[in-house]
$ cat run.cif   # mmCIF, C-alpha atoms and all ligand atoms
data_start
#
loop_
_atom_site.label_atom_id
_atom_site.label_comp_id
_atom_site.auth_asym_id
_atom_site.auth_seq_id
_atom_site.Cartn_x
_atom_site.Cartn_y
_atom_site.Cartn_z
CA MET A 19 -30.03 33.11 13.11
CA LYS A 20 -33.74 33.61 13.70
CA LEU A 21 -36.08 30.74 14.38
CA THR A 22 -39.80 30.38 14.87
CA LEU A 23 -40.45 27.83 17.60
CA HIS A 24 -43.77 26.17 18.30
CA ILE A 25 -43.39 24.54 21.71
CA TRP A 26 -45.79 22.29 23.60
CA ARG A 27 -46.64 24.07 26.86
CA GLN A 28 -48.46 22.18 29.60
CA LYS A 29 -48.36 23.32 33.22
CA SER A 30 -48.87 19.88 34.76
CA PRO A 31 -50.27 16.42 33.95
CA ASN A 32 -53.72 17.73 34.91
CA HIS A 33 -53.69 20.81 32.70
CA VAL A 34 -54.61 20.92 29.04
CA GLY A 35 -51.55 21.60 26.88
CA ARG A 36 -51.18 23.64 23.69
CA MET A 37 -48.56 24.73 21.17
CA VAL A 38 -47.19 28.23 21.85
CA GLN A 39 -45.26 30.20 19.21
CA TYR A 40 -41.99 31.98 20.05
CA GLU A 41 -39.83 34.11 17.77
CA HIS A 42 -36.21 33.43 18.77
CA ALA A 43 -33.83 36.00 17.28
CA ASN A 44 -30.68 35.21 19.27
CA VAL A 45 -29.61 31.83 17.96
CA ASN A 46 -25.90 31.24 17.45
CA PRO A 47 -25.03 28.33 15.11
CA HIS A 48 -22.45 27.11 17.64
CA MET A 49 -25.07 26.65 20.35
CA SER A 50 -26.39 23.22 21.17
CA PHE A 51 -30.15 22.82 20.87
CA LEU A 52 -30.50 22.91 24.66
CA GLU A 53 -28.35 26.06 24.89
CA MET A 54 -30.67 27.63 22.33
CA LEU A 55 -33.57 26.79 24.69
CA ASP A 56 -31.56 28.12 27.67
CA VAL A 57 -31.33 31.51 25.91
CA LEU A 58 -35.03 31.44 25.09
CA ASN A 59 -35.75 30.66 28.76
CA GLU A 60 -33.56 33.56 29.95
CA GLU A 61 -35.60 35.86 27.73
CA LEU A 62 -38.88 34.41 29.01
CA VAL A 63 -37.78 34.81 32.64
CA ALA A 64 -36.69 38.41 31.94
CA LYS A 65 -40.22 39.07 30.65
CA GLY A 66 -41.74 37.47 33.74
CA GLU A 67 -42.95 34.41 31.83
CA GLU A 68 -42.62 30.75 32.79
CA PRO A 69 -39.52 29.11 31.21
CA VAL A 70 -39.95 26.00 29.04
CA ALA A 71 -39.35 22.83 31.08
CA PHE A 72 -37.13 20.19 29.46
CA ASP A 73 -35.10 17.31 30.87
CA HIS A 74 -31.30 17.28 30.73
CA ASP A 75 -28.28 16.35 32.81
CA CYS A 76 -24.93 15.43 31.25
CA ARG A 77 -25.37 17.36 27.97
CA GLU A 78 -22.75 14.95 26.57
CA GLY A 79 -25.03 12.31 25.06
CA ILE A 80 -24.43 9.74 27.79
CA CYS A 81 -27.07 10.06 30.52
CA GLY A 82 -30.29 9.66 28.52
CA SER A 83 -32.11 12.48 30.30
CA CYS A 84 -32.75 14.72 27.32
CA GLY A 85 -35.08 14.14 24.42
CA PHE A 86 -38.15 15.49 22.69
CA MET A 87 -39.60 15.57 19.21
CA ILE A 88 -38.31 18.18 16.76
CA ASN A 89 -40.55 18.45 13.72
CA GLY A 90 -41.87 14.98 14.46
CA ILE A 91 -38.46 13.28 14.77
CA ALA A 92 -37.25 11.98 18.12
CA HIS A 93 -34.03 13.87 19.04
CA GLY A 94 -34.31 15.86 15.80
CA PRO A 95 -32.95 15.50 12.29
CA GLN A 96 -29.31 14.54 12.94
CA PRO A 97 -28.81 10.73 12.95
CA ALA A 98 -27.23 9.06 16.01
CA THR A 99 -27.37 12.30 18.00
CA THR A 100 -29.11 13.16 21.26
CA VAL A 101 -30.82 16.52 21.39
CA CYS A 102 -28.14 17.78 23.81
CA GLN A 103 -25.47 17.02 21.19
CA LEU A 104 -27.46 18.50 18.33
CA HIS A 105 -26.08 21.88 17.25
CA MET A 106 -27.86 24.80 15.69
CA ARG A 107 -25.54 24.76 12.67
CA HIS A 108 -27.72 21.92 11.38
CA PHE A 109 -30.62 24.37 11.04
CA LYS A 110 -31.12 27.40 8.78
CA ASP A 111 -32.01 30.99 9.46
CA GLY A 112 -35.79 31.29 9.32
CA ASP A 113 -36.51 27.64 10.13
CA VAL A 114 -39.83 26.83 11.79
CA LEU A 115 -39.49 24.10 14.44
CA TYR A 116 -42.18 22.22 16.34
CA LEU A 117 -41.05 20.86 19.71
CA GLU A 118 -43.22 18.24 21.42
CA PRO A 119 -42.69 15.82 24.30
CA TRP A 120 -42.23 12.08 23.71
CA ARG A 121 -45.51 10.57 22.48
CA ALA A 122 -46.42 7.45 24.45
CA ARG A 123 -49.06 6.59 27.03
CA ALA A 124 -46.39 4.83 29.07
CA PHE A 125 -44.52 8.17 29.33
CA PRO A 126 -47.09 10.57 30.84
CA ILE A 127 -46.32 14.26 30.53
CA VAL A 128 -44.95 15.93 33.66
CA LYS A 129 -44.64 19.46 32.28
CA ASP A 130 -43.99 21.02 28.85
CA LEU A 131 -41.34 18.79 27.20
CA VAL A 132 -40.71 16.64 30.30
CA VAL A 133 -42.21 13.15 30.52
CA ASP A 134 -42.17 10.52 33.25
CA ARG A 135 -39.99 7.60 32.10
CA SER A 136 -40.13 5.66 35.36
CA ALA A 137 -41.69 2.76 33.41
CA PHE A 138 -38.14 2.12 32.14
CA ASP A 139 -36.85 2.02 35.73
CA ARG A 140 -39.47 -0.57 36.63
CA ILE A 141 -38.43 -2.72 33.64
CA ILE A 142 -34.81 -2.60 34.84
CA THR A 143 -35.90 -3.44 38.38
CA ALA A 144 -37.65 -6.53 37.01
CA GLY A 145 -34.33 -8.13 35.96
CA GLY A 146 -31.89 -5.73 34.30
CA TYR A 147 -29.00 -6.49 36.63
CA VAL A 148 -26.55 -9.22 37.67
CA SER A 149 -27.04 -10.28 41.29
CA ALA A 150 -23.92 -12.49 41.56
CA SER A 151 -20.88 -10.80 43.06
CA THR A 152 -18.32 -10.39 40.28
CA GLY A 153 -15.57 -9.09 42.56
CA SER A 154 -13.28 -6.18 41.82
CA ALA A 155 -12.34 -5.08 38.33
CA GLN A 156 -9.30 -7.33 38.47
CA ASP A 157 -11.43 -10.40 39.40
CA ALA A 158 -13.92 -9.62 36.68
CA ASN A 159 -11.10 -9.60 34.13
CA ASN A 160 -10.26 -13.20 35.05
CA ILE A 161 -13.52 -14.28 33.39
CA LEU A 162 -12.68 -14.40 29.71
CA VAL A 163 -15.30 -13.11 27.28
CA PRO A 164 -15.14 -14.03 23.58
CA LYS A 165 -14.31 -10.91 21.55
CA LYS A 166 -17.44 -11.19 19.41
CA ASN A 167 -19.70 -11.37 22.48
CA ALA A 168 -17.81 -8.56 24.21
CA ASP A 169 -18.35 -6.33 21.17
CA LEU A 170 -22.05 -7.20 20.88
CA ALA A 171 -22.58 -6.71 24.63
CA MET A 172 -20.81 -3.34 24.49
CA ASP A 173 -22.96 -2.26 21.54
CA ALA A 174 -26.12 -3.14 23.48
CA ALA A 175 -24.80 -1.50 26.66
CA ALA A 176 -24.60 1.80 24.76
CA CYS A 177 -28.36 2.24 25.31
CA ILE A 178 -28.81 5.32 27.49
CA GLY A 179 -32.51 4.77 28.24
CA CYS A 180 -33.62 7.99 26.59
CA GLY A 181 -36.95 6.64 25.32
CA ALA A 182 -36.66 7.90 21.74
CA CYS A 183 -37.35 4.38 20.47
CA VAL A 184 -40.70 4.34 22.27
CA ALA A 185 -41.59 7.85 21.10
CA ALA A 186 -40.83 7.03 17.45
CA CYS A 187 -42.63 3.67 17.39
CA PRO A 188 -46.20 3.78 16.02
CA ASN A 189 -47.04 1.17 18.68
CA ALA A 190 -45.07 2.96 21.45
CA ALA A 191 -43.28 -0.35 22.03
CA ALA A 192 -40.31 -0.61 24.40
CA ALA A 193 -38.76 -3.55 22.55
CA LEU A 194 -35.48 -1.88 21.49
CA PHE A 195 -34.76 -0.61 25.01
CA THR A 196 -35.68 -3.90 26.72
CA GLY A 197 -33.89 -5.93 24.06
CA ALA A 198 -30.74 -3.85 24.55
CA LYS A 199 -30.75 -4.43 28.32
CA ILE A 200 -31.47 -8.16 27.99
CA SER A 201 -28.81 -8.56 25.28
CA HIS A 202 -26.16 -6.62 27.14
CA LEU A 203 -26.30 -8.94 30.17
CA GLY A 204 -27.27 -12.13 28.34
CA LEU A 205 -24.16 -12.01 26.15
CA LEU A 206 -21.74 -11.94 29.10
CA PRO A 207 -20.71 -14.92 31.29
CA GLN A 208 -21.69 -12.96 34.42
CA GLY A 209 -25.22 -12.63 33.07
CA GLN A 210 -25.81 -16.32 32.33
CA PRO A 211 -27.23 -17.59 35.68
CA GLU A 212 -30.21 -15.20 35.46
CA ARG A 213 -30.42 -15.00 31.66
CA TYR A 214 -33.82 -16.63 31.23
CA SER A 215 -35.48 -15.44 34.43
CA ARG A 216 -34.31 -11.96 33.42
CA ALA A 217 -36.04 -12.21 30.04
CA LEU A 218 -39.25 -13.48 31.66
CA GLY A 219 -39.24 -10.80 34.35
CA MET A 220 -38.44 -7.84 32.13
CA VAL A 221 -40.87 -8.82 29.36
CA ALA A 222 -43.61 -9.39 31.98
CA GLN A 223 -42.97 -5.87 33.30
CA VAL A 224 -43.13 -4.39 29.78
CA LYS A 225 -46.57 -5.98 29.44
CA GLN A 226 -47.70 -4.39 32.71
CA GLU A 227 -46.70 -0.90 31.60
CA LEU A 228 -48.66 0.86 28.86
CA PHE A 229 -46.25 0.04 26.03
CA GLY A 230 -47.52 -1.41 22.77
CA SER A 231 -46.26 -4.53 21.01
CA CYS A 232 -43.36 -4.62 18.56
CA THR A 233 -44.38 -5.26 14.95
CA ASN A 234 -40.87 -4.91 13.46
CA ILE A 235 -41.41 -1.50 11.88
CA GLY A 236 -37.90 -0.28 12.68
CA GLU A 237 -38.59 3.36 13.54
CA CYS A 238 -36.85 2.72 16.88
CA GLU A 239 -33.56 1.77 15.22
CA ALA A 240 -33.83 4.75 12.86
CA VAL A 241 -33.98 7.33 15.69
CA CYS A 242 -31.85 5.65 18.34
CA PRO A 243 -29.02 8.06 19.20
CA LYS A 244 -26.82 5.11 20.18
CA GLU A 245 -27.52 3.11 17.01
CA ILE A 246 -28.90 0.10 18.88
CA LYS A 247 -29.77 -2.53 16.27
CA LEU A 248 -33.02 -4.47 15.82
CA GLU A 249 -31.04 -7.67 16.44
CA VAL A 250 -31.36 -7.02 20.19
CA ILE A 251 -35.12 -7.51 19.83
CA ALA A 252 -34.56 -10.87 18.13
CA ARG A 253 -32.19 -11.89 20.94
CA MET A 254 -34.76 -10.84 23.56
CA ASN A 255 -37.48 -12.84 21.80
CA ARG A 256 -35.26 -15.93 21.61
CA ASP A 257 -34.40 -15.76 25.32
CA TYR A 258 -38.03 -15.13 26.22
CA LEU A 259 -39.30 -18.02 24.09
CA LYS A 260 -36.69 -20.40 25.46
CA ALA A 261 -37.51 -19.33 29.03
CA SER A 262 -41.25 -19.75 28.46
CA TRP A 263 -40.73 -23.13 26.81
CA THR A 264 -38.49 -24.56 29.53
CA GLU A 265 -40.96 -23.41 32.20
CA ARG A 266 -43.73 -25.50 30.65
CA PRO A 267 -44.26 -29.13 31.67
CA PRO A 268 -42.61 -31.53 29.13
CA SER A 269 -45.99 -32.98 28.13
CA THR A 270 -47.05 -29.59 26.69
CA ARG A 271 -43.90 -28.96 24.63
CA ALA A 272 -44.55 -31.33 21.71
CA ASP A 273 -45.97 -28.66 19.41
CA ASP A 274 -43.08 -26.18 19.84
S1 LIG A 301 -32.58 1.80 22.55
FE1 LIG A 301 -31.77 3.79 21.79
S2 LIG A 301 -33.56 5.12 21.61
FE2 LIG A 301 -34.15 3.39 22.95
S3 LIG A 301 -33.77 4.06 25.05
FE3 LIG A 301 -31.89 3.00 24.34
S4 LIG A 301 -30.60 4.65 23.50
FE4 LIG A 301 -32.67 5.53 23.66
S1 LIG A 302 -28.47 15.46 28.65
FE1 LIG A 302 -27.50 13.51 28.97
S2 LIG A 302 -27.84 12.50 27.06
FE2 LIG A 302 -28.61 14.50 26.69
#
$ encode --input "run.cif" --output "structure tokens"
Amino acid sequence: MKLTLHIWRQKSPNHVGRMVQYEHANVNPHMSFLEMLDVLNEELVAKGEEPVAFDHDCREGICGSCGFMINGIAHGPQPATTVCQLHMRHFKDGDVLYLEPWRARAFPIVKDLVVDRSAFDRIITAGGYVSASTGSAQDANNILVPKKNADLAMDAAACIGCGACVAACPNAAAALFTGAKISHLGLLPQGQPERYSRALGMVAQVKQELFGSCTNIGECEAVCPKEIKLEVIARMNRDYLKASWTERPPSTRADD
């Protein structure tokens, strides 16, 4: 297969970026998208040119490192698929593809297709954990979890923190990611003691970063490679509202 690639090239956060066109004639349909870029990079290095920088680690769809826009779609055209799990058989000979980094002020560009997603780390640090000791795996299994809650928590825990939801959102909101983390812990018994302080802390951190506000557009759910549902945002909002309400003095609660 032959492809024409237009790739965002930017040396550093302080340089001006631009789209650069590459003709890629050595694309095997069995390659993953990242392997296709590996081959392009080998050719660039052989010519003495700078390879295209992109993030990756597991290449199995579980670490959340990879991700960029392909023809305007976060992680590309295949639903529920990270870009590392996307294969070239989903494209046609002669296709023209535009590759751009995640679009969001909260994710500043580091280089080419690599962005800085440390804003997500700071949101997790603000409450996305359980501080009580839950013991060994055997002890943890002594705490019974209703099947429905276990399933919902597991669904939310599937979030890999890739940032596609932010990149796809017209507001660059981080609601799906934050909602997934709050839901995952808030649905489990071990997460109950800090459930409401967690919601307050994490939402406060989201506000401090440069993310926009959620207006229920749903682009995040549409591109999420782990099929995280919008319901996690509703659960986050409920926990946040309840936490805010209970923190207020009783005399101010009459209108709620
Ligand atoms: S909610 Fe989905 S799209 Fe957003 S960070 Fe998690 S896995 Fe990625
Ligand atoms: S490289 Fe780990 S999810 Fe893609």
$ residues_near_ligand --input "run.cif" --ligand "ligand LIG 301 (chain A)" --cutoff "6 Å" --atoms "only C-alpha atoms and all ligand atoms" --output "count of residues only"
13
$ closest_residue --input "run.cif" --among "A:Gly230, A:Gly204, A:Pro164, A:Gly209" --to "Val184 of chain A" --atoms "only C-alpha atoms"
A:Gly230
$ closest_residue --input "run.cif" --among "A:Ala193, A:Val163, A:Ile141, A:Val148" --to "Gly219 of chain A" --atoms "only C-alpha atoms"
A:Ile141
$ residues_near_ligand --input "run.cif" --ligand "ligand LIG 302 (chain A)" --cutoff "12 Å" --atoms "only C-alpha atoms and all ligand atoms" --output "PyMOL selection string"
chain A and resi 50-53+72-86+93+98-104+176-182+242-244
$ closest_residue --input "run.cif" --among "A:Phe229, A:Leu218, A:Asp111, A:Glu61" --to "Thr264 of chain A" --atoms "all atoms listed in the file"
A:Leu218
$ residues_around --input "run.cif" --residues "Met49 of chain A" --least-positions-apart "5" --cutoff "7 Å" --atoms "all atoms listed in the file" --output "PyMOL selection string"
chain A and resi 54+105-106
